[in-house]
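Below: the structure, in structure tokens.
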Amino acid sequence: YEGAGHDNNGRRVASAWSVDGDVVTVRGNTAGDSGGMAYRTGQYRGKWEARMRAPVGDPDYHPVLLLWPDAEDWPVGGEVDYAEISDPDRQNVDFFLHYGASNSQTQTSRALDVTQWHNYAVEWTDRCIIGYIDGAQWFSDCEPGHQPPRAMHMTIQLDAFNGDGPYRPSEMMVDWIRQYR
């Protein structure tokens with residue numbers, strides 16, 4: 001999709017995306033322009049999984065795999081960032097579950113070399129939101145009031161977090177994504 005970037009930092013532009021073989025790459029430039037891509041076929045509960053890596057980059061560029069509300073009613077509709085990388089050395093990954101009108105959050109962090117390929121997944125059951133890295137659980141929130149209220153869809157973004165920059169060019173690569181009922 002195209003338009004304003006995260007928090008109006010830079011722009012989301014189609015030219016930020018490229019494909020080489022089976023790998024899609026999104027690049028962020030010095031002006032904060034990057035990309036976002038959404039799989040608009042959302043669902044209420046299920047499992048989403050992606051294989052991603054992010055080379056060392058600008059600390060203000062965050063590679064993110066997330067679920068976004070189909071109703072476009074954030075924050076009420078929730079947000080599930082099941083892999084967000086803010087560490088410029090790409091040695092740490094965060095999970096954020098946003099919920100409620102006041103954008104409350106639960107989260108966890110894990111040391112991980114995200115310059116290497118890893119599989120990130122989120123499973124949304126009738127009771128819990130559960131996060132996985134390479135098949136091992138690393139996040140769980142089973143509080144009923146924290147669960148998204150309706151359907152969500154998978155999104156891939158490289159978000160600029162520093163106003164007007166300047167930024168160092170950064171990128172993230174995705175090998176595949178999957179969605180399960």
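Lettering and numbering for the structure tokens are positional, with chains as A, B, ... in the shown order, residues counted from 1 in each chain, and ligands counted from 1 in the shown order.
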
Please report, as an mmCIF file with C-alpha atoms, in the first residue's frame, each residue of range 70-110 of chain A to which DSSP assigns strand (DSSP E) when run on this structure's backbone.
data_model
loop_
_atom_site.group_PDB
_atom_site.id
_atom_site.type_symbol
_atom_site.label_atom_id
_atom_site.label_comp_id
_atom_site.auth_asym_id
_atom_site.auth_seq_id
_atom_site.Cartn_x
_atom_site.Cartn_y
_atom_site.Cartn_z
ATOM 1 C CA GLU A 79 -2.803 -4.893 16.952
ATOM 2 C CA VAL A 80 -0.524 -7.912 17.247
ATOM 3 C CA ASP A 81 3.148 -7.204 16.511
ATOM 4 C CA TYR A 82 4.466 -10.746 16.593
ATOM 5 C CA ALA A 83 7.973 -9.740 15.479
ATOM 6 C CA GLU A 84 9.146 -6.132 15.820
ATOM 7 C CA ASN A 92 16.708 -8.538 19.773
ATOM 8 C CA VAL A 93 13.066 -9.050 18.814
ATOM 9 C CA ASP A 94 9.884 -7.845 20.571
ATOM 10 C CA PHE A 95 6.288 -9.052 20.688
ATOM 11 C CA PHE A 96 3.587 -6.447 21.417
ATOM 12 C CA LEU A 97 -0.108 -7.170 21.928
ATOM 13 C CA HIS A 98 -2.048 -3.885 21.751
ATOM 14 C CA TYR A 99 -5.606 -3.888 23.095
ATOM 15 C CA SER A 104 -2.771 -0.809 26.397
ATOM 16 C CA GLN A 105 -0.043 -3.397 25.754
ATOM 17 C CA THR A 106 1.521 -6.601 26.943
ATOM 18 C CA GLN A 107 4.930 -7.446 25.529
ATOM 19 C CA THR A 108 8.039 -9.537 25.744
ATOM 20 C CA SER A 109 11.548 -9.355 24.290
ATOM 21 C CA ARG A 110 14.048 -12.008 23.327
#

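Omitting Asp33 in chain A and its sequence neighbours fewer than 4 positions away, and counting only C-alpha atoms, the residues within 7 Å are A:Gly10, A:Arg11, A:Arg12, A:Val13, A:Gly28, A:Asn29.
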
Convert the current residue selection to file output with all heavy atoms, as a compact mmCIF listing (two decimals), in the first residue's frame.
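Final file, out08.txt:
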# COMPACT_ATOMS: atom_id res chain seq x y z
N GLY A 10 8.02 9.70 6.69
CA GLY A 10 8.26 9.21 5.35
C GLY A 10 6.97 8.80 4.66
O GLY A 10 5.87 9.12 5.11
N ARG A 11 7.11 8.06 3.58
CA ARG A 11 5.97 7.58 2.79
C ARG A 11 6.12 6.09 2.58
O ARG A 11 7.22 5.56 2.55
CB ARG A 11 5.93 8.27 1.42
CG ARG A 11 5.96 9.75 1.45
CD ARG A 11 4.66 10.48 1.33
NE ARG A 11 3.71 9.90 0.42
CZ ARG A 11 2.39 9.89 0.66
NH1 ARG A 11 1.92 10.40 1.76
NH2 ARG A 11 1.56 9.37 -0.20
N ARG A 12 5.02 5.41 2.39
CA ARG A 12 5.02 4.02 1.95
C ARG A 12 4.90 4.07 0.42
O ARG A 12 3.94 4.64 -0.11
CB ARG A 12 3.86 3.27 2.55
CG ARG A 12 3.93 3.25 4.08
CD ARG A 12 3.40 1.96 4.61
NE ARG A 12 3.16 2.04 6.04
CZ ARG A 12 4.08 1.80 6.96
NH1 ARG A 12 5.29 1.48 6.62
NH2 ARG A 12 3.78 1.88 8.24
N VAL A 13 5.88 3.49 -0.24
CA VAL A 13 5.94 3.57 -1.70
C VAL A 13 6.15 2.18 -2.29
O VAL A 13 6.88 1.36 -1.74
CB VAL A 13 7.06 4.53 -2.16
CG1 VAL A 13 6.75 5.97 -1.73
CG2 VAL A 13 8.41 4.11 -1.62
N GLY A 28 14.14 0.79 3.14
CA GLY A 28 13.87 2.13 3.61
C GLY A 28 15.00 3.03 3.20
O GLY A 28 16.17 2.64 3.32
N ASN A 29 14.69 4.24 2.72
CA ASN A 29 15.74 5.14 2.25
C ASN A 29 16.05 6.22 3.29
O ASN A 29 15.50 6.24 4.39
CB ASN A 29 15.37 5.73 0.88
CG ASN A 29 14.17 6.66 0.93
OD1 ASN A 29 13.79 7.18 1.98
ND2 ASN A 29 13.55 6.87 -0.22

- Message: Need the shell around Asp175 in chain A: protein/DNA/RNA residues with any atom at most 7 Å away, counting only C-alpha atoms. Skip same-chain ones fewer than 4 positions apart. Format as a list in words?
- Response: Asp22, Val23, Val24, Arg51 and Met52 of chain A

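The list of residues with at least one atom within 9 Å of Gly46 in chain A, based on only C-alpha atoms and without residues fewer than 6 positions apart in the same chain, reads Val122, Glu123, Trp124, Thr125, Gln179, Tyr180 and Arg181 of chain A.
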
- State, in Å with one decimal place, the distance from CA of Thr41 in chain A to CA of Met152 in chain A. 8.4 Å

- Find the spatial neighbours of Thr25 in chain A, counting only C-alpha atoms, within a cut-off of 6 Å - ignore same-chain residues fewer than 5 positions away - and output them as number ranges by chain. A: 17-18, 172-173

- Query: To one decimal place, how far is CA of Asn103 in chain A from CA of Pro75 in chain A in Å?
  - Reply: 5.5 Å

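Using only C-alpha atoms, the residues found no farther than 12 Å from Asp126 in chain A, other than those of its own chain fewer than 5 positions away, are Tyr44, Arg45, Gly46, Lys47, Asp141, Cys142, Glu143, Pro144, His146, Gln147, Pro148, Pro149 and Arg150 of chain A.
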
Residues of chain A classed as helix (DSSP H, G or I) by DSSP on the backbone are to be reported as a PDB file with N, CA, C and O atoms, in the first residue's frame.
ATOM      1  N   HIS A   6       4.616   5.189   8.947  1.00  0.00           N
ATOM      2  CA  HIS A   6       4.298   5.072  10.369  1.00  0.00           C
ATOM      3  C   HIS A   6       4.347   6.449  11.033  1.00  0.00           C
ATOM      4  O   HIS A   6       5.350   7.152  10.961  1.00  0.00           O
ATOM      5  N   ASP A   7       3.251   6.835  11.674  1.00  0.00           N
ATOM      6  CA  ASP A   7       3.166   8.101  12.403  1.00  0.00           C
ATOM      7  C   ASP A   7       3.556   9.280  11.503  1.00  0.00           C
ATOM      8  O   ASP A   7       4.150  10.257  11.954  1.00  0.00           O
ATOM      9  N   ASN A   8       3.241   9.178  10.207  1.00  0.00           N
ATOM     10  CA  ASN A   8       3.529  10.185   9.183  1.00  0.00           C
ATOM     11  C   ASN A   8       5.026  10.413   8.950  1.00  0.00           C
ATOM     12  O   ASN A   8       5.431  11.458   8.452  1.00  0.00           O
ATOM     13  N   ALA A  14       5.513   1.924  -3.412  1.00  0.00           N
ATOM     14  CA  ALA A  14       5.634   0.614  -4.069  1.00  0.00           C
ATOM     15  C   ALA A  14       7.066   0.345  -4.510  1.00  0.00           C
ATOM     16  O   ALA A  14       7.517  -0.806  -4.511  1.00  0.00           O
ATOM     17  N   SER A  15       7.802   1.385  -4.837  1.00  0.00           N
ATOM     18  CA  SER A  15       9.182   1.200  -5.315  1.00  0.00           C
ATOM     19  C   SER A  15      10.119   0.694  -4.215  1.00  0.00           C
ATOM     20  O   SER A  15      11.250   0.293  -4.513  1.00  0.00           O
ATOM     21  N   ALA A  16       9.677   0.659  -2.963  1.00  0.00           N
ATOM     22  CA  ALA A  16      10.505   0.137  -1.865  1.00  0.00           C
ATOM     23  C   ALA A  16      10.607  -1.383  -1.921  1.00  0.00           C
ATOM     24  O   ALA A  16      11.456  -1.972  -1.254  1.00  0.00           O
ATOM     25  N   PRO A 144      -8.850 -12.528  28.762  1.00  0.00           N
ATOM     26  CA  PRO A 144      -9.958 -12.325  27.812  1.00  0.00           C
ATOM     27  C   PRO A 144     -10.082 -10.892  27.290  1.00  0.00           C
ATOM     28  O   PRO A 144     -10.345 -10.685  26.105  1.00  0.00           O
ATOM     29  N   GLY A 145      -9.866  -9.904  28.116  1.00  0.00           N
ATOM     30  CA  GLY A 145      -9.994  -8.507  27.699  1.00  0.00           C
ATOM     31  C   GLY A 145      -8.891  -8.022  26.792  1.00  0.00           C
ATOM     32  O   GLY A 145      -8.967  -6.913  26.254  1.00  0.00           O
ATOM     33  N   HIS A 146      -7.860  -8.833  26.594  1.00  0.00           N
ATOM     34  CA  HIS A 146      -6.747  -8.446  25.732  1.00  0.00           C
ATOM     35  C   HIS A 146      -6.885  -9.002  24.314  1.00  0.00           C
ATOM     36  O   HIS A 146      -6.101  -8.637  23.438  1.00  0.00           O
TER      37      HIS A 146
END

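Using only C-alpha atoms, the contacts of Glu49 in chain A at a cut-off of 7 Å, with sequence neighbours closer than 6 positions omitted, comprise Asn119, Tyr120, Ala121, Val122, Ile177, Arg178 and Gln179 of chain A.
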
For the residues selected in the previous step, produce a file with all heavy atoms as a PDB file, in the first residue's frame.
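And here is the file that came out, again-v8.pdb:
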ATOM      1  N   ASN A 119      11.708 -18.272  11.680  1.00  0.00           N
ATOM      2  CA  ASN A 119      10.270 -18.370  11.460  1.00  0.00           C
ATOM      3  C   ASN A 119       9.564 -17.760  12.660  1.00  0.00           C
ATOM      4  O   ASN A 119       9.805 -18.169  13.797  1.00  0.00           O
ATOM      5  CB  ASN A 119       9.841 -19.823  11.307  1.00  0.00           C
ATOM      6  CG  ASN A 119      10.490 -20.491  10.111  1.00  0.00           C
ATOM      7  OD1 ASN A 119      11.089 -19.838   9.272  1.00  0.00           O
ATOM      8  ND2 ASN A 119      10.379 -21.796  10.039  1.00  0.00           N
ATOM      9  N   TYR A 120       8.695 -16.802  12.398  1.00  0.00           N
ATOM     10  CA  TYR A 120       7.922 -16.122  13.436  1.00  0.00           C
ATOM     11  C   TYR A 120       6.458 -16.464  13.208  1.00  0.00           C
ATOM     12  O   TYR A 120       5.971 -16.415  12.074  1.00  0.00           O
ATOM     13  CB  TYR A 120       8.107 -14.607  13.333  1.00  0.00           C
ATOM     14  CG  TYR A 120       9.544 -14.168  13.451  1.00  0.00           C
ATOM     15  CD1 TYR A 120      10.344 -14.042  12.319  1.00  0.00           C
ATOM     16  CD2 TYR A 120      10.104 -13.894  14.691  1.00  0.00           C
ATOM     17  CE1 TYR A 120      11.664 -13.649  12.415  1.00  0.00           C
ATOM     18  CE2 TYR A 120      11.433 -13.491  14.798  1.00  0.00           C
ATOM     19  CZ  TYR A 120      12.209 -13.375  13.649  1.00  0.00           C
ATOM     20  OH  TYR A 120      13.516 -12.983  13.757  1.00  0.00           O
ATOM     21  N   ALA A 121       5.749 -16.790  14.282  1.00  0.00           N
ATOM     22  CA  ALA A 121       4.339 -17.149  14.145  1.00  0.00           C
ATOM     23  C   ALA A 121       3.533 -16.588  15.299  1.00  0.00           C
ATOM     24  O   ALA A 121       4.060 -16.360  16.398  1.00  0.00           O
ATOM     25  CB  ALA A 121       4.175 -18.670  14.090  1.00  0.00           C
ATOM     26  N   VAL A 122       2.244 -16.386  15.030  1.00  0.00           N
ATOM     27  CA  VAL A 122       1.297 -16.031  16.073  1.00  0.00           C
ATOM     28  C   VAL A 122       0.065 -16.908  15.879  1.00  0.00           C
ATOM     29  O   VAL A 122      -0.402 -17.111  14.758  1.00  0.00           O
ATOM     30  CB  VAL A 122       0.927 -14.530  16.048  1.00  0.00           C
ATOM     31  CG1 VAL A 122       0.309 -14.109  14.725  1.00  0.00           C
ATOM     32  CG2 VAL A 122       0.013 -14.180  17.218  1.00  0.00           C
ATOM     33  N   ILE A 177       5.199 -16.356   3.658  1.00  0.00           N
ATOM     34  CA  ILE A 177       4.185 -16.142   4.694  1.00  0.00           C
ATOM     35  C   ILE A 177       3.107 -17.202   4.514  1.00  0.00           C
ATOM     36  O   ILE A 177       2.887 -17.701   3.406  1.00  0.00           O
ATOM     37  CB  ILE A 177       3.567 -14.727   4.664  1.00  0.00           C
ATOM     38  CG1 ILE A 177       2.871 -14.467   3.325  1.00  0.00           C
ATOM     39  CG2 ILE A 177       4.615 -13.674   4.947  1.00  0.00           C
ATOM     40  CD1 ILE A 177       2.079 -13.182   3.316  1.00  0.00           C
ATOM     41  N   ARG A 178       2.459 -17.536   5.621  1.00  0.00           N
ATOM     42  CA  ARG A 178       1.370 -18.522   5.588  1.00  0.00           C
ATOM     43  C   ARG A 178       0.272 -18.087   6.541  1.00  0.00           C
ATOM     44  O   ARG A 178       0.538 -17.471   7.568  1.00  0.00           O
ATOM     45  CB  ARG A 178       1.892 -19.899   6.028  1.00  0.00           C
ATOM     46  CG  ARG A 178       2.916 -20.463   5.082  1.00  0.00           C
ATOM     47  CD  ARG A 178       3.404 -21.812   5.521  1.00  0.00           C
ATOM     48  NE  ARG A 178       4.400 -22.305   4.580  1.00  0.00           N
ATOM     49  CZ  ARG A 178       5.527 -22.855   4.928  1.00  0.00           C
ATOM     50  NH1 ARG A 178       5.820 -23.065   6.196  1.00  0.00           N
ATOM     51  NH2 ARG A 178       6.383 -23.266   4.002  1.00  0.00           N
ATOM     52  N   GLN A 179      -0.931 -18.456   6.183  1.00  0.00           N
ATOM     53  CA  GLN A 179      -2.093 -18.203   7.025  1.00  0.00           C
ATOM     54  C   GLN A 179      -2.887 -19.491   7.136  1.00  0.00           C
ATOM     55  O   GLN A 179      -3.149 -20.142   6.129  1.00  0.00           O
ATOM     56  CB  GLN A 179      -2.961 -17.092   6.408  1.00  0.00           C
ATOM     57  CG  GLN A 179      -4.220 -16.799   7.180  1.00  0.00           C
ATOM     58  CD  GLN A 179      -4.970 -15.618   6.607  1.00  0.00           C
ATOM     59  OE1 GLN A 179      -4.394 -14.565   6.428  1.00  0.00           O
ATOM     60  NE2 GLN A 179      -6.259 -15.804   6.326  1.00  0.00           N
TER      61      GLN A 179
END

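With distances restricted to only C-alpha atoms, A:Leu112 is the closest residue to Trp138 in chain A from A:Gly5, A:Leu112, A:Ala160, A:Asp70.
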
- For Ile130 in chain A, the closest of A:Trp48, A:Ser170, A:Asp89, A:His118 counting only C-alpha atoms is A:Trp48

- Rank nothing, just name the residue among A:Gln91, A:Met154, A:Leu65, A:Ser102 nearest to Gln43 in chain A, using only C-alpha atoms. A:Met154
